[in-house]
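For reference, entry-v8.txt (compact mmCIF, C-alpha atoms):
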# COMPACT_ATOMS: atom_id res chain seq x y z
CA MET A 1 175.44 85.94 185.74
CA LEU A 2 175.99 89.29 184.08
CA GLN A 3 176.07 92.20 186.49
CA GLN A 4 176.17 95.97 186.28
CA ALA A 5 179.38 97.57 187.51
CA GLY A 6 181.32 100.81 187.50
CA VAL A 7 184.08 101.20 184.95
CA GLY A 8 186.30 103.95 186.30
CA PHE A 9 189.75 102.35 185.93
CA GLY A 10 193.09 103.24 184.39
CA TRP A 11 194.49 102.71 180.94
CA LEU A 12 197.07 100.09 181.96
CA ALA A 13 194.40 98.06 183.64
CA PHE A 14 192.24 98.26 180.55
CA SER A 15 195.16 97.19 178.36
CA ALA A 16 195.66 94.12 180.53
CA LEU A 17 191.97 93.37 180.32
CA ALA A 18 192.08 93.77 176.55
CA GLN A 19 194.89 91.19 176.40
CA GLU A 20 192.72 88.75 178.28
CA GLN A 21 189.92 89.32 175.77
CA LYS A 22 192.06 89.37 172.61
CA ARG A 23 190.87 85.98 171.42
CA PHE A 24 187.37 87.41 171.04
CA GLU A 25 186.74 89.42 167.88
CA ASN A 26 185.59 92.98 168.43
CA PRO A 27 182.27 93.22 166.54
CA LEU A 28 182.80 96.96 166.03
CA ALA A 29 186.19 96.56 164.38
CA PRO A 30 186.35 98.19 160.91
CA LYS A 31 185.29 95.83 158.13
CA MET A 32 185.98 95.84 154.42
CA PRO A 33 183.11 97.14 152.26
CA HIS A 34 181.67 95.08 149.42
CA HIS A 35 182.95 97.59 146.86
CA PRO A 36 184.87 100.88 146.95
CA ALA A 37 182.93 103.32 149.09
CA LYS A 38 182.19 106.91 148.16
CA ALA A 39 181.39 107.83 151.78
CA LYS A 40 182.96 106.76 155.07
CA ARG A 41 180.16 107.91 157.34
CA VAL A 42 176.51 109.03 157.36
CA ILE A 43 174.88 111.96 159.12
CA PHE A 44 171.14 111.33 158.90
CA VAL A 45 169.00 114.38 159.68
CA PHE A 46 165.43 113.35 160.43
CA LEU A 47 162.64 115.95 160.41
CA ASN A 48 159.86 114.32 162.39
CA GLY A 49 156.34 115.18 161.27
CA GLY A 50 156.72 115.40 157.51
CA PRO A 51 158.02 118.75 156.20
CA SER A 52 156.24 120.23 153.19
CA HIS A 53 158.26 119.69 150.02
CA LEU A 54 155.86 122.03 148.20
CA ASP A 55 156.98 124.98 150.33
CA THR A 56 160.69 124.19 150.47
CA PHE A 57 162.45 122.16 147.76
CA ASP A 58 159.90 121.16 145.09
CA TRP A 59 158.83 124.21 143.07
CA LYS A 60 155.43 123.78 141.40
CA PRO A 61 154.51 126.83 139.27
CA GLU A 62 151.17 125.24 138.34
CA LEU A 63 150.23 124.93 141.99
CA ALA A 64 151.06 128.61 142.45
CA LYS A 65 148.24 129.43 139.98
CA MET A 66 145.61 127.39 141.79
CA GLY A 67 142.95 128.56 144.22
CA ALA A 68 140.78 126.75 146.75
CA PRO A 69 140.71 123.91 147.60
CA TYR A 70 144.45 123.98 146.89
CA LEU A 71 147.09 125.80 148.93
CA VAL A 72 149.62 127.74 146.87
CA PRO A 73 153.32 127.57 147.87
CA GLN A 74 153.71 129.72 150.97
CA PHE A 75 157.26 130.88 150.26
CA GLU A 76 158.88 132.42 147.22
CA PHE A 77 161.15 130.11 145.25
CA LYS A 78 164.30 131.29 143.50
CA PRO A 79 167.05 129.64 141.44
CA ARG A 80 170.05 129.14 143.71
CA GLY A 81 173.77 128.82 143.14
CA GLN A 82 175.42 128.26 139.81
CA SER A 83 173.24 125.20 139.29
CA GLY A 84 170.03 127.23 139.54
CA ILE A 85 168.10 124.62 141.53
CA MET A 86 164.90 126.03 143.03
CA ILE A 87 164.83 126.49 146.80
CA SER A 88 162.33 128.54 148.76
CA GLU A 89 162.88 131.47 151.09
CA ALA A 90 162.13 129.14 154.01
CA PHE A 91 165.82 128.11 153.88
CA PRO A 92 167.86 131.21 152.95
CA GLU A 93 171.11 129.97 154.55
CA LEU A 94 170.87 126.42 153.22
CA ALA A 95 170.14 127.91 149.79
CA LYS A 96 173.67 129.35 149.84
CA GLN A 97 174.90 125.75 149.77
CA ALA A 98 172.70 124.89 146.77
CA ASP A 99 175.60 123.62 144.67
CA GLU A 100 176.32 121.00 147.33
CA LEU A 101 172.71 119.76 147.51
CA CYS A 102 171.18 116.86 145.64
CA LEU A 103 167.39 117.34 145.76
CA ILE A 104 165.62 114.02 145.34
CA ASN A 105 162.13 115.26 144.46
CA SER A 106 160.73 111.78 143.89
CA ALA A 107 160.89 110.01 147.25
CA THR A 108 157.88 107.85 148.20
CA THR A 109 156.74 105.74 151.10
CA LYS A 110 153.87 103.28 151.47
CA ASN A 111 151.82 104.66 154.34
CA PRO A 112 150.93 108.29 155.21
CA GLY A 113 150.46 107.48 158.90
CA HIS A 114 153.13 108.82 161.24
CA GLN A 115 153.77 105.57 163.12
CA GLN A 116 154.18 103.45 160.01
CA ALA A 117 156.14 105.98 157.96
CA VAL A 118 158.55 106.89 160.78
CA VAL A 119 159.41 103.25 161.44
CA ALA A 120 159.73 102.57 157.69
CA ILE A 121 162.25 105.36 157.05
CA HIS A 122 164.33 104.19 160.00
CA THR A 123 164.11 100.40 159.64
CA GLY A 124 162.78 99.68 156.15
CA ASN A 125 159.66 97.94 157.46
CA GLU A 126 156.50 99.57 158.79
CA MET A 127 154.95 96.42 160.26
CA PHE A 128 157.59 94.39 162.09
CA VAL A 129 160.46 95.07 164.46
CA ARG A 130 163.57 95.27 162.29
CA PRO A 131 167.12 96.60 162.74
CA SER A 132 167.50 100.30 162.10
CA MET A 133 169.46 101.66 159.14
CA GLY A 134 172.22 102.82 161.49
CA ALA A 135 172.48 99.36 163.02
CA TRP A 136 172.76 97.76 159.56
CA VAL A 137 175.49 100.18 158.47
CA THR A 138 177.46 99.61 161.68
CA TYR A 139 176.99 95.84 161.41
CA GLY A 140 178.26 95.92 157.84
CA LEU A 141 181.22 98.25 158.29
CA GLY A 142 182.07 98.44 162.00
CA THR A 143 183.48 101.77 163.07
CA MET A 144 186.77 103.65 163.00
CA ALA A 145 186.03 105.06 166.47
CA GLN A 146 187.03 102.31 168.87
CA ASP A 147 186.58 104.61 171.88
CA LEU A 148 183.04 105.63 170.89
CA PRO A 149 179.90 103.79 169.76
CA GLY A 150 179.63 103.08 166.05
CA PHE A 151 176.11 104.53 165.92
CA VAL A 152 175.00 107.61 167.86
CA THR A 153 171.54 109.19 167.77
CA ILE A 154 171.13 112.76 169.04
CA ASN A 155 167.76 113.78 170.53
CA PRO A 156 165.73 110.93 168.98
CA ILE A 157 161.95 110.96 169.26
CA GLY A 158 160.46 109.05 172.18
CA ASP A 159 157.24 107.94 170.47
CA LEU A 160 156.26 106.58 167.04
CA GLY A 161 158.48 103.56 167.42
CA GLY A 162 160.77 105.10 170.02
CA ALA A 163 163.92 103.05 170.57
CA MET A 164 162.95 100.76 167.68
CA ASN A 165 164.03 103.58 165.33
CA TYR A 166 167.64 103.22 166.46
CA GLY A 167 167.57 99.66 167.76
CA SER A 168 169.29 96.55 166.48
CA ALA A 169 166.32 94.11 166.74
CA PHE A 170 167.75 90.66 165.91
CA LEU A 171 171.21 91.99 165.02
CA PRO A 172 173.70 91.77 167.90
CA ALA A 173 172.93 94.41 170.52
CA THR A 174 176.39 95.92 169.99
CA PHE A 175 175.13 97.62 166.81
CA GLN A 176 172.19 99.51 168.32
CA GLY A 177 172.32 103.29 168.50
CA THR A 178 173.58 105.09 171.60
CA ARG A 179 171.17 107.85 172.55
CA VAL A 180 172.59 111.23 173.59
CA SER A 181 171.15 114.69 174.15
CA SER A 182 172.45 117.94 172.76
CA GLY A 183 171.48 119.53 176.06
CA GLY A 184 172.81 117.05 178.58
CA GLY A 185 175.23 114.83 176.69
CA VAL A 186 175.39 111.29 178.11
CA PRO A 187 175.02 110.01 181.68
CA ASP A 188 178.05 110.28 183.95
CA LEU A 189 180.14 107.15 183.38
CA GLY A 190 182.35 107.61 186.42
CA ASN A 191 182.31 105.50 189.58
CA ARG A 192 182.02 107.35 192.88
CA VAL A 193 181.96 104.20 195.05
CA TRP A 194 184.96 102.00 194.24
CA ALA A 195 188.64 102.89 194.32
CA GLU A 196 190.40 102.44 190.99
CA SER A 197 192.26 99.29 192.06
CA ASP A 198 189.04 97.70 193.30
CA GLN A 199 187.24 98.60 190.07
CA VAL A 200 189.99 96.91 188.04
CA LYS A 201 189.70 93.70 190.06
CA GLN A 202 185.92 93.80 189.84
CA LEU A 203 185.84 94.26 186.09
CA ARG A 204 188.48 91.61 185.40
CA PHE A 205 186.57 89.10 187.46
CA MET A 206 183.25 90.03 185.94
CA GLN A 207 184.50 89.84 182.34
CA LYS A 208 186.08 86.41 182.96
CA ALA A 209 182.89 85.17 184.59
CA ASN A 210 180.72 86.58 181.82
CA ARG A 211 182.84 84.93 179.12
CA ARG A 212 182.72 81.58 180.86
CA PHE A 213 178.99 81.90 181.36
CA GLN A 214 178.54 82.82 177.70
CA GLU A 215 180.69 79.94 176.42
CA ARG A 216 178.97 77.44 178.69
CA THR A 217 175.38 78.46 178.09
CA ASP A 218 174.93 80.33 174.79
CA PRO A 219 178.06 81.32 172.82
CA GLY A 220 176.00 83.06 170.15
CA ASN A 221 173.85 85.16 172.47
CA SER A 222 174.10 88.70 171.10
CA GLU A 223 172.68 90.30 174.23
CA LEU A 224 175.38 88.74 176.41
CA GLU A 225 178.05 89.76 173.93
CA GLY A 226 176.60 93.26 173.76
CA VAL A 227 176.80 93.73 177.55
CA ILE A 228 180.35 92.33 177.70
CA GLN A 229 181.49 94.69 174.97
CA SER A 230 179.66 97.60 176.58
CA TYR A 231 181.84 97.42 179.70
CA GLU A 232 185.00 97.79 177.65
CA LEU A 233 183.51 100.54 175.50
CA ALA A 234 182.26 102.36 178.59
CA PHE A 235 185.81 102.68 179.91
CA GLN A 236 187.02 104.23 176.70
CA MET A 237 184.01 106.54 176.60
CA GLN A 238 185.00 107.97 180.01
CA ARG A 239 187.88 109.66 178.26
CA SER A 240 186.47 110.26 174.79
CA VAL A 241 182.94 111.47 175.52
CA PRO A 242 183.81 114.57 177.57
CA GLU A 243 186.28 115.58 174.88
CA VAL A 244 183.86 115.07 171.98
CA PHE A 245 181.01 116.97 173.62
CA ALA A 246 183.08 119.88 174.91
CA LEU A 247 181.60 122.26 172.35
CA GLU A 248 182.94 125.25 174.27
CA ASP A 249 186.40 124.24 173.04
CA GLU A 250 185.42 125.22 169.51
CA PRO A 251 186.53 128.68 168.33
CA GLN A 252 183.82 131.32 168.51
CA HIS A 253 183.61 131.64 164.73
CA VAL A 254 182.80 127.91 164.48
CA GLN A 255 180.11 128.17 167.15
CA ASP A 256 178.68 131.15 165.28
CA LEU A 257 178.65 129.09 162.08
CA TYR A 258 176.20 126.68 163.74
CA GLY A 259 174.14 129.38 165.47
CA ILE A 260 175.21 128.35 168.96
CA GLY A 261 174.29 131.04 171.47
CA ASN A 262 171.31 132.15 169.40
CA GLY A 263 168.06 131.33 171.15
CA VAL A 264 166.45 130.15 167.91
CA THR A 265 169.23 127.97 166.54
CA ASP A 266 171.23 127.03 169.64
CA SER A 267 169.72 123.59 170.34
CA PHE A 268 169.86 122.22 166.81
CA GLY A 269 173.18 123.97 166.23
CA ARG A 270 174.64 122.04 169.14
CA SER A 271 173.30 118.81 167.68
CA CYS A 272 174.93 119.53 164.33
CA LEU A 273 178.26 120.49 165.86
CA MET A 274 178.17 117.34 167.98
CA ALA A 275 177.56 115.39 164.78
CA ARG A 276 180.61 116.95 163.13
CA ARG A 277 182.80 116.18 166.13
CA LEU A 278 181.57 112.57 166.22
CA ALA A 279 182.24 112.28 162.49
CA GLU A 280 185.79 113.55 163.04
CA LYS A 281 186.31 110.80 165.62
CA GLY A 282 185.27 108.12 163.14
CA VAL A 283 181.72 107.32 164.27
CA ARG A 284 180.10 105.49 161.36
CA PHE A 285 176.44 106.55 161.61
CA ILE A 286 175.18 109.70 163.33
CA GLN A 287 171.53 110.68 163.47
CA VAL A 288 170.22 114.13 164.36
CA THR A 289 166.49 114.65 164.89
CA SER A 290 164.34 117.78 164.73
CA SER A 291 160.67 117.50 165.73
CA GLY A 292 157.62 119.68 165.10
CA TRP A 293 157.12 119.36 161.32
CA ASP A 294 153.48 118.21 161.24
CA HIS A 295 151.88 121.37 159.84
CA HIS A 296 148.16 120.85 159.30
CA ASN A 297 147.50 124.57 159.75
CA ARG A 298 149.29 127.92 159.58
CA MET A 299 151.81 126.52 157.11
CA LYS A 300 153.63 129.78 156.45
CA GLU A 301 154.09 130.71 160.09
CA ALA A 302 154.67 127.22 161.45
CA LEU A 303 157.03 126.02 158.71
CA GLY A 304 158.89 129.31 158.77
CA GLU A 305 159.44 128.97 162.51
CA ARG A 306 160.69 125.39 162.35
CA ALA A 307 162.89 126.05 159.32
CA GLY A 308 164.45 128.97 161.16
CA THR A 309 165.69 126.61 163.89
CA ILE A 310 167.62 124.33 161.50
CA ASP A 311 168.49 126.48 158.46
CA LEU A 312 171.68 128.09 159.77
CA PRO A 313 172.95 124.96 161.59
CA LEU A 314 172.54 122.75 158.51
CA ALA A 315 174.24 125.29 156.28
CA GLY A 316 176.96 125.58 158.90
CA LEU A 317 177.42 121.81 159.03
CA ILE A 318 177.92 121.62 155.27
CA ALA A 319 180.30 124.59 155.26
CA ASP A 320 182.28 123.25 158.22
CA LEU A 321 182.67 119.77 156.74
CA LYS A 322 183.70 121.32 153.44
CA GLN A 323 186.36 123.54 154.96
CA ARG A 324 187.76 120.54 156.84
CA ASP A 325 187.84 118.49 153.62
CA MET A 326 185.38 116.03 155.20
CA LEU A 327 182.27 116.63 153.10
CA LYS A 328 183.41 114.44 150.21
CA GLU A 329 183.55 111.43 152.57
CA THR A 330 180.54 112.34 154.72
CA LEU A 331 177.08 111.60 153.36
CA ILE A 332 174.43 113.94 154.77
CA VAL A 333 170.85 112.73 154.26
CA CYS A 334 167.89 114.92 155.29
CA SER A 335 164.36 113.50 155.24
CA GLY A 336 161.02 113.50 156.97
CA GLU A 337 158.79 110.44 157.07
CA PHE A 338 156.65 111.73 154.16
CA GLY A 339 155.58 114.98 152.50
CA ARG A 340 152.46 117.17 152.46
CA GLY A 341 149.52 117.36 150.07
CA ALA A 342 148.57 120.09 147.60
CA HIS A 343 145.10 120.57 149.09
CA MET A 344 144.52 123.02 151.91
CA ASP A 345 144.06 121.41 155.29
CA ASN A 346 142.85 123.07 158.50
CA GLY A 347 143.53 126.79 158.53
CA GLY A 348 146.07 127.03 155.76
CA GLY A 349 148.08 123.86 156.31
CA ARG A 350 148.61 120.63 154.40
CA GLY A 351 147.72 117.02 155.09
CA HIS A 352 149.96 113.96 154.89
CA GLN A 353 151.24 112.65 151.57
CA ALA A 354 153.18 109.44 150.92
CA SER A 355 153.24 109.31 147.11
CA GLY A 356 155.82 112.02 146.51
CA PHE A 357 158.13 114.18 148.63
CA THR A 358 161.70 115.44 148.83
CA VAL A 359 164.81 114.00 150.43
CA TRP A 360 168.03 115.93 150.03
CA MET A 361 171.61 114.73 150.27
CA ALA A 362 175.01 116.40 150.30
CA GLY A 363 178.59 115.18 150.16
CA GLY A 364 179.53 111.51 150.24
CA GLY A 365 179.83 111.05 146.50
CA VAL A 366 176.50 112.53 145.37
CA LYS A 367 176.19 115.22 142.72
CA GLY A 368 175.67 118.69 144.10
CA GLY A 369 173.37 121.21 142.45
CA LEU A 370 171.19 118.39 141.14
CA ARG A 371 167.43 118.04 141.00
CA TYR A 372 166.73 114.32 140.65
CA GLY A 373 163.32 112.89 139.85
CA ALA A 374 160.05 114.79 139.83
CA THR A 375 156.50 114.80 141.10
CA ASP A 376 153.51 115.70 138.94
CA GLU A 377 152.54 119.32 138.27
CA LEU A 378 150.83 119.66 141.66
CA GLY A 379 153.52 117.80 143.58
CA VAL A 380 151.22 114.95 144.54
CA LYS A 381 152.86 111.85 143.03
CA ALA A 382 156.37 110.92 141.95
CA VAL A 383 156.29 110.53 138.17
CA GLU A 384 159.98 110.51 137.24
CA GLN A 385 162.68 108.33 138.81
CA ALA A 386 160.54 107.47 141.82
CA MET A 387 162.62 106.52 144.86
CA PRO A 388 160.63 104.43 147.36
CA THR A 389 162.14 103.83 150.78
CA PRO A 390 163.89 100.55 149.85
CA ASP A 391 165.58 102.36 146.94
CA LEU A 392 166.66 105.18 149.25
CA HIS A 393 168.18 102.68 151.67
CA ALA A 394 169.83 100.68 148.88
CA THR A 395 171.36 103.88 147.50
CA ILE A 396 172.68 105.01 150.88
CA LEU A 397 174.21 101.58 151.49
CA HIS A 398 175.83 101.61 148.05
CA LEU A 399 177.45 104.97 148.73
CA MET A 400 178.87 103.43 151.91
CA GLY A 401 180.33 100.56 149.93
CA LEU A 402 177.64 98.03 150.87
CA ASP A 403 175.60 95.89 148.47
CA HIS A 404 172.09 95.89 149.92
CA GLU A 405 171.47 92.38 148.59
CA GLU A 406 174.65 91.03 150.19
CA LEU A 407 174.26 92.77 153.56
CA THR A 408 172.22 90.03 155.25
CA TYR A 409 171.77 88.45 158.65
CA ARG A 410 170.33 85.01 159.20
CA TYR A 411 167.57 84.93 161.77
CA ALA A 412 164.67 82.54 162.40
CA GLY A 413 165.66 80.40 159.43
CA ARG A 414 165.92 83.08 156.76
CA ASP A 415 168.27 85.80 155.58
CA PHE A 416 167.08 89.33 156.37
CA ARG A 417 168.28 92.62 154.91
CA LEU A 418 167.43 96.31 155.31
CA THR A 419 165.68 96.44 151.93
CA ASP A 420 163.83 93.11 152.42
CA VAL A 421 163.05 91.84 148.88
CA ALA A 422 163.10 95.23 147.13
CA GLY A 423 165.54 98.06 146.54
CA GLU A 424 167.18 99.60 143.50
CA VAL A 425 170.34 101.70 143.57
CA HIS A 426 169.88 105.12 141.92
CA SER A 427 173.31 105.70 140.44
CA GLY A 428 172.05 108.81 138.65
CA ILE A 429 172.78 110.87 141.77
CA PHE A 430 176.42 109.68 142.00
CA MET A 431 179.39 111.82 141.06
I need this file expressed as structure tokens, please.
Amino acid sequence: MLQQAGVGFGWLAFSALAQEQKRFENPLAPKMPHHPAKAKRVIFVFLNGGPSHLDTFDWKPELAKMGAPYLVPQFEFKPRGQSGIMISEAFPELAKQADELCLINSATTKNPGHQQAVVAIHTGNEMFVRPSMGAWVTYGLGTMAQDLPGFVTINPIGDLGGAMNYGSAFLPATFQGTRVSSGGGVPDLGNRVWAESDQVKQLRFMQKANRRFQERTDPGNSELEGVIQSYELAFQMQRSVPEVFALEDEPQHVQDLYGIGNGVTDSFGRSCLMARRLAEKGVRFIQVTSSGWDHHNRMKEALGERAGTIDLPLAGLIADLKQRDMLKETLIVCSGEFGRGAHMDNGGGRGHQASGFTVWMAGGGVKGGLRYGATDELGVKAVEQAMPTPDLHATILHLMGLDHEELTYRYAGRDFRLTDVAGEVHSGIFM
């Protein structure tokens, strides 16, 4: 039977163990894409609650002329960068990176309920348990970071689908996201009980027993394979994780770039710097989550406060990747689960809206300084180049070198994919 065990053993011992396991393919080994990729990795920034596109990235001059029952844009919009794309004063630092941003003003989703929309943006399906986007990408491409997980999620939400939003569902468990915290990192992986020599003997025996058990009972069992692989990965993580999350090793000017040490931006700044360091190590899919974007009242104050926590860190992330020559191969995607309506809600806020909102991207082969698609004059419905969630996922996969129709997994007698039976690639945003 599979057992839990400590994994604090030396490199030579691990090498010997690896030799014993060499006949088994590593499911996280890098894989060839379906076509030449524009991006090598994804950093997915999720703003839980549904940020208002009408007060941030989708300028509606007609709405600004309206009175009750409508709510006019709560922040001044200005043309930014050489491209002149309109961005509001809610994001003054991010606006300085305007020529790197691709504003998709025509995103849509099916359901304006939090539970359904959150699960849909993460998994492509609002009704059934399905693999997350990060799991699909890692399944399709593996990872360049053999001493780290292929998919890491930083500060994910605990409700509205919870672990389903970064899970692997029927894909092998190896591809699920590894949850970490920007405040506490990951649990201590060391072993305080066994001596190193005893740990080596224990792990060798356990891995041999687990393989025999797997071959005898259920060779295709992904959960068994996932646990077996996790022991080997856990050893490597003992060395790599402390190094990756040692943010204090960064020069002060880099920490300042992300707003680390500032009470307002410190937490999210740490998340973004962790994302950059994971990207440098070759992690394929990194998710960073910011909560608190459900503004049914006090839009100006509430949105301004939340935007202030992420504005500098996101601008810093783009600038840092650019100066390291990593932005062109790193696709940043920033989205909520839906947008907000034009009508005034309780006390100067906005209600939920699924028929049109903004997703922005940067790097990874997308055109910067681009406004793509459009909503109607009040920002209610996507009317040009609408991008429903399956299209968004298909486009992200394409940028990663994956054909969304070819990236399939057979389960329960049928082939499943992230985009189900829909999905259109929007090549108009590509460089």
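Across the structure, CA of Met326 (chain A) and CA of Ile396 (chain A) are spaced 17.4 Å apart.
The nearest approach to Gly167 (chain A) among the residues A:Phe75, A:Arg204, A:Leu370, A:Thr123, with all atoms listed in the file taken into account, belongs to A:Thr123.
For Gly49 (chain A), the list of residues within 9 Å, based on all atoms listed in the file and with local chain neighbours fewer than 3 positions off taken out, reads His114, Val118, Ser291, Gly292, Trp293, Asp294, His295, Gly336, Glu337, Phe338 and Gly339 of chain A.
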Starting from 3 Å padding per side, set up an axis-aligned box that covers all listed atoms of region 51-57 of chain A and hand over centre and edge lengths in Å, one decimal, as JSON.
{"center_x": 159.2, "center_y": 121.9, "center_z": 152.0, "size_x": 12.6, "size_y": 12.2, "size_z": 14.4}
Non-local contacts of Tyr166 (chain A) (7 Å; all atoms listed in the file; under 5 positions in same chain excluded) as a ChimeraX atom specification | /A:132,134,176-177
Contact residues around region 376-379 of chain A with all atoms listed in the file at 7 Å, ignoring same-chain residues under 3 positions, as a count of residues only | 8
Expressed in Å to a single decimal, how great is the separation between CA of Gln353 (chain A) and CA of Val380 (chain A)?
-> 7.4 Å
Closest to Tyr70 (chain A) among A:Lys367, A:His393, A:His398, A:His343, using only C-alpha atoms?
-> A:His343
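Our summary of the geometry notes that CA of Arg410 (chain A) is positioned 24.0 Å from CA of Phe213 (chain A).
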Write out as an NGL selection string which residues come within 7 Å of Ser290 (chain A) when counting all atoms listed in the file, dropping same-chain ones fewer than 4 positions away.
-> :A and (46-48)
Write a file of the selected residues as a PDB file, keeping the file's coordinate frame, keeping C-alpha atoms.
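Result file follows (result35.pdb):
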ATOM      1  CA  PHE A  46     165.430 113.350 160.430  1.00  0.00           C
ATOM      2  CA  LEU A  47     162.640 115.950 160.410  1.00  0.00           C
ATOM      3  CA  ASN A  48     159.860 114.320 162.390  1.00  0.00           C
TER       4      ASN A  48
END
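Take the candidates A:Gly183, A:Gly259, A:Gly373, A:Pro33 and check each one against Asn105 (chain A) using only C-alpha atoms; the shortest distance goes to A:Gly373.
Counting all atoms listed in the file and comparing A:Thr153, A:Ser355, A:Thr375, A:Ser181, the residue that lies closest to Val288 (chain A) is A:Thr153.
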